[in-house]
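What's in work35.txt: compact mmCIF, C-alpha atoms
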```
# COMPACT_ATOMS: atom_id res chain seq x y z
CA MET T 1 0.00 0.00 0.00
CA PHE T 2 1.18 3.53 -0.84
CA ASP T 3 4.05 2.16 -2.95
CA ASP T 4 4.20 5.43 -4.88
CA ASN T 5 4.33 7.62 -1.76
CA PRO T 6 6.95 6.66 0.86
CA ILE T 7 5.85 9.42 3.27
CA LEU T 8 2.28 8.17 3.43
CA ALA T 9 3.51 4.56 3.52
CA ASP T 10 5.69 5.32 6.56
CA LEU T 11 2.85 7.10 8.35
CA TRP T 12 0.48 4.21 7.61
CA ARG T 13 2.94 1.66 9.06
CA TYR T 14 3.53 3.86 12.12
CA TRP T 15 -0.24 4.21 12.75
CA GLN T 16 -0.68 0.43 12.32
CA ARG T 17 2.08 -0.27 14.87
CA LYS T 18 0.57 2.17 17.38
CA ARG T 19 -2.88 0.74 16.85
CA ALA T 20 -1.69 -2.77 17.66
CA ASN T 21 -4.83 -4.89 18.16
CA ARG T 22 -7.16 -1.94 18.81
CA PRO T 23 -9.48 -0.29 16.28
CA LEU T 24 -7.35 2.88 16.49
CA PRO T 25 -4.53 4.30 18.58
CA ASP T 26 -4.95 7.02 21.20
CA ARG T 27 -3.57 10.49 20.61
CA ALA T 28 -1.21 9.85 23.55
CA ASP T 29 0.33 6.93 21.62
CA ILE T 30 1.66 9.27 18.93
CA ASP T 31 5.16 10.59 19.56
CA PRO T 32 6.46 13.00 16.90
CA MET T 33 10.04 12.10 17.87
CA GLU T 34 9.38 8.60 16.51
CA ILE T 35 8.57 9.85 13.01
CA PRO T 36 11.14 12.56 12.19
CA ALA T 37 11.14 11.90 8.43
CA VAL T 38 7.34 12.07 8.25
CA LEU T 39 6.78 14.95 10.68
CA PRO T 40 7.18 17.77 8.11
CA TYR T 41 4.20 16.31 6.20
CA VAL T 42 1.92 15.78 9.20
CA LEU T 43 -1.15 17.62 10.38
CA LEU T 44 -2.88 16.94 13.68
CA VAL T 45 -6.51 18.05 13.61
CA GLU T 46 -8.95 18.22 16.51
CA ARG T 47 -12.71 18.67 16.36
CA SER T 48 -13.93 21.22 18.88
CA ASP T 49 -17.17 21.10 20.86
CA GLU T 50 -18.84 23.31 18.28
CA ALA T 51 -17.92 20.82 15.52
CA ARG T 52 -15.18 23.03 14.07
CA PHE T 53 -11.86 21.54 13.02
CA ARG T 54 -8.65 23.06 14.39
CA PHE T 55 -5.09 22.41 13.32
CA ARG T 56 -3.19 21.44 16.45
CA LEU T 57 0.02 20.86 14.48
CA ALA T 58 1.14 21.57 10.92
CA GLY T 59 4.46 20.21 9.67
CA THR T 60 6.98 22.44 7.95
CA ALA T 61 6.40 20.97 4.46
CA VAL T 62 2.66 21.63 4.83
CA VAL T 63 3.30 25.19 6.05
CA GLU T 64 5.69 25.76 3.15
CA ALA T 65 3.14 24.48 0.62
CA TYR T 66 0.37 26.73 1.99
CA GLY T 67 2.68 29.68 2.52
CA MET T 68 1.39 30.26 6.04
CA GLU T 69 1.31 28.74 9.52
CA LEU T 70 -1.81 26.68 10.18
CA THR T 71 -1.15 25.59 13.78
CA GLY T 72 -3.84 26.85 16.15
CA ARG T 73 -6.17 27.97 13.39
CA HIS T 74 -9.55 26.53 12.43
CA VAL T 75 -10.20 25.16 8.96
CA ASP T 76 -12.96 27.74 8.42
CA GLU T 77 -10.46 30.52 9.19
CA VAL T 78 -7.94 29.30 6.64
CA PHE T 79 -9.61 27.79 3.58
CA PRO T 80 -11.99 29.49 1.15
CA PRO T 81 -15.51 27.99 1.10
CA GLY T 82 -15.07 25.37 -1.65
CA ARG T 83 -11.91 23.93 -0.18
CA ARG T 84 -13.23 24.23 3.37
CA VAL T 85 -16.35 22.21 2.57
CA LEU T 86 -14.30 19.44 0.98
CA ALA T 87 -11.79 19.30 3.87
CA GLU T 88 -14.61 19.21 6.40
CA GLN T 89 -16.33 16.41 4.46
CA HIS T 90 -13.14 14.34 4.48
CA TYR T 91 -12.54 14.97 8.18
CA ALA T 92 -16.16 14.22 9.11
CA MET T 93 -16.02 11.00 7.10
CA VAL T 94 -13.17 9.72 9.30
CA TYR T 95 -14.70 11.04 12.54
CA GLN T 96 -18.02 9.35 11.83
CA SER T 97 -16.67 6.04 10.53
CA GLY T 98 -13.54 5.66 12.65
CA ARG T 99 -11.83 4.37 9.47
CA PRO T 100 -8.81 5.80 7.65
CA ILE T 101 -9.23 7.32 4.22
CA THR T 102 -7.00 8.42 1.40
CA ALA T 103 -7.83 11.52 -0.60
CA VAL T 104 -6.13 12.68 -3.78
CA ASN T 105 -7.14 16.06 -5.14
CA ARG T 106 -6.00 18.18 -8.08
CA TYR T 107 -5.87 21.96 -7.60
CA THR T 108 -4.99 24.98 -9.72
CA ASN T 109 -4.12 28.28 -8.07
CA SER T 110 -4.70 31.81 -9.37
CA ARG T 111 -1.18 31.87 -10.83
CA GLY T 112 -1.89 28.79 -12.94
CA VAL T 113 0.17 26.35 -10.90
CA GLU T 114 -1.32 22.85 -10.80
CA HIS T 115 -0.66 20.61 -7.85
CA ILE T 116 -1.91 17.31 -6.57
CA ALA T 117 -2.37 16.81 -2.85
CA SER T 118 -2.27 13.24 -1.56
CA ARG T 119 -3.56 12.71 1.96
CA LEU T 120 -3.82 9.85 4.39
CA ILE T 121 -6.33 10.74 7.11
CA LEU T 122 -6.07 8.52 10.19
CA PRO T 123 -8.38 8.50 13.24
CA LEU T 124 -7.02 8.81 16.77
CA ALA T 125 -8.95 8.24 19.99
CA GLY T 126 -8.90 10.94 22.62
CA GLY T 127 -8.28 8.63 25.55
CA ALA T 128 -10.44 7.72 28.53
CA GLY T 129 -13.86 9.28 28.51
CA GLN T 130 -13.48 10.81 25.04
CA PRO T 131 -15.48 9.98 21.92
CA ALA T 132 -14.05 7.16 19.83
CA VAL T 133 -12.39 9.58 17.40
CA GLN T 134 -11.17 12.85 18.85
CA PHE T 135 -8.19 13.67 16.61
CA LEU T 136 -7.04 13.12 13.05
CA LEU T 137 -3.45 12.35 12.14
CA ILE T 138 -2.99 13.44 8.54
CA GLY T 139 -0.09 12.89 6.19
CA GLN T 140 -0.10 15.25 3.21
CA THR T 141 2.26 15.39 0.27
CA CYS T 142 2.02 17.61 -2.78
CA THR T 143 3.36 17.32 -6.29
CA TYR T 144 3.57 20.45 -8.42
CA ASP T 145 4.04 21.32 -12.05
CA ARG T 146 6.21 24.14 -10.63
CA MET T 147 6.76 25.67 -7.21
CA LEU T 148 6.38 29.33 -6.39
CA PRO T 149 8.16 31.48 -3.83
CA ASN T 150 6.10 31.86 -0.66
CA GLY T 151 4.16 28.65 -1.31
CA LEU T 152 1.15 27.88 -3.42
CA GLY T 153 -1.18 30.03 -1.35
CA LEU T 154 -4.71 29.35 -0.30
CA ASP T 155 -6.41 30.60 -3.46
CA SER T 156 -6.26 27.23 -5.20
CA VAL T 157 -9.42 25.95 -6.83
CA ILE T 158 -10.11 22.26 -6.49
CA ASP T 159 -11.12 20.12 -9.42
CA ALA T 160 -14.12 18.54 -7.65
CA VAL T 161 -14.56 16.00 -10.43
CA ARG T 162 -11.16 14.61 -9.48
CA ASP T 163 -11.91 14.21 -5.77
CA ASN T 164 -10.65 10.67 -5.31
CA VAL T 165 -11.52 9.58 -1.76
CA ARG T 166 -11.71 6.06 -0.45
CA PHE T 167 -11.48 4.11 2.75
CA VAL T 168 -8.03 2.54 3.02
CA ASP T 169 -9.54 -0.94 3.31
CA GLU T 170 -11.42 -0.59 -0.01
CA PRO T 171 -9.97 -1.25 -3.47
CA ALA T 172 -8.54 1.73 -5.34
CA ALA T 173 -10.71 3.41 -7.95
CA THR T 174 -9.82 2.66 -11.55
CA ALA T 175 -10.06 6.26 -12.77
CA PRO T 176 -6.85 8.29 -12.64
CA CYS T 177 -6.78 11.26 -10.31
```

How does this structure look as structure tokens?
Amino acid sequence: MFDDNPILADLWRYWQRKRANRPLPDRADIDPMEIPAVLPYVLLVERSDEARFRFRLAGTAVVEAYGMELTGRHVDEVFPPGRRVLAEQHYAMVYQSGRPITAVNRYTNSRGVEHIASRLILPLAGGAGQPAVQFLLIGQTCTYDRMLPNGLGLDSVIDAVRDNVRFVDEPAATAPC
């Protein structure tokens, strides 16, 4: 699995080890010091009481790609409506199901730069007394037709037709992303 993306493959194996024989690992099981090569590509997302999603951690490669720090900010404060709705749908899908998903999306920004974001969205339990899924551990890599100074920005428009999302335990779609 994830043969074409070693970052996501490493994160998947790490999550599987931490999960052991449980449906999902606890947030407390995750130690960033154990995944130094993956950490720049990681996001940790928490759902607040008012059902908003907040970035608790954003790795340096993610920050560089977006051209801004995401840590501590809510999704609805960062992304424009079209991208926000899609991100929230992906996050809610994992929160509600307790199952990991992959998402591959093609974007084009206002400067004409195309990029493909590949994500692995993994559920984490919050610990004793918390709902089954309280956090999301996300690996995100991007491929670009060219990179721009100061990142790609947040003005990218998603090609919704190319929203390729699936549960990790389901077969891959046959259509290219």

_Set the distance at 9 Å and use all atoms listed in the file: which residues neighbour T:Val133 once local chain neighbours fewer than 4 positions away are removed? I'd like the list as an NGL selection string._
:T and (24 or 26 or 94-98 or 123-126)

_Residue contacts of T:Arg52 (8 Å, all atoms listed in the file) excluding same-chain residues fewer than 6 positions away, as a ChimeraX atom specification_ = /T:74-76

Please produce a file of those selected residues containing C-alpha atoms, as a compact mmCIF listing (two decimals), in the coordinates of the input.
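Ended up saving to again-v5.txt:
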```
# COMPACT_ATOMS: atom_id res chain seq x y z
CA HIS T 74 -9.55 26.53 12.43
CA VAL T 75 -10.20 25.16 8.96
CA ASP T 76 -12.96 27.74 8.42
```

*Tell me, in Å to one decimal, how far atom CA of T:Arg111 is from atom CA of T:Arg83.*
17.1 Å

_Coordinates-based distance that separates atom CA of T:Gly82 from atom CA of T:Leu8 (Å, one decimal)_ =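 These atoms are spaced 25.0 Å apart.
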
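Of note, atom CA of T:Glu88 and atom CA of T:His115 are spaced 20.0 Å apart.
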
*Return the single residue from T:Thr143, T:Leu70, T:Ala128, T:Ala51 that is closest to T:Asn105, with distances computed using all atoms listed in the file.*
T:Thr143

*Would you please work out which residue, of T:Val78, T:Glu64, T:Ala103, T:Gln140, is nearest to T:His90 when using all atoms listed in the file?*
T:Ala103

*Kindly indicate which residue among T:Ala61, T:Leu39, T:Leu122, T:Ala28 lies nearest to T:Arg99, using only C-alpha atoms for the distances.*
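Closest to T:Arg99 of all the choices is T:Leu122.
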
*Would you please work out which residue, of T:Ile30, T:Leu11, T:Leu43, T:Ile116, is nearest to T:Leu136 when using all atoms listed in the file?*
T:Leu43

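Of the listed residues (T:Phe135, T:Tyr107, T:Tyr66, T:Tyr41), T:Phe135 comes nearest to T:Arg54; the distances count all atoms listed in the file.
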
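Of the listed residues T:Val63, T:Ala20, T:Ala58, T:Val168, the one whose atoms come nearest to T:Pro32 is T:Ala58, with distances taken using all atoms listed in the file.
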
*asked:* Applying 12 Å and all atoms listed in the file, which residues near T:Phe2 remain after dropping the ones on its own chain fewer than 2 positions away? List them as a ChimeraX atom specification.
replied: /T:4-13,102,118-120,139,141,168,172
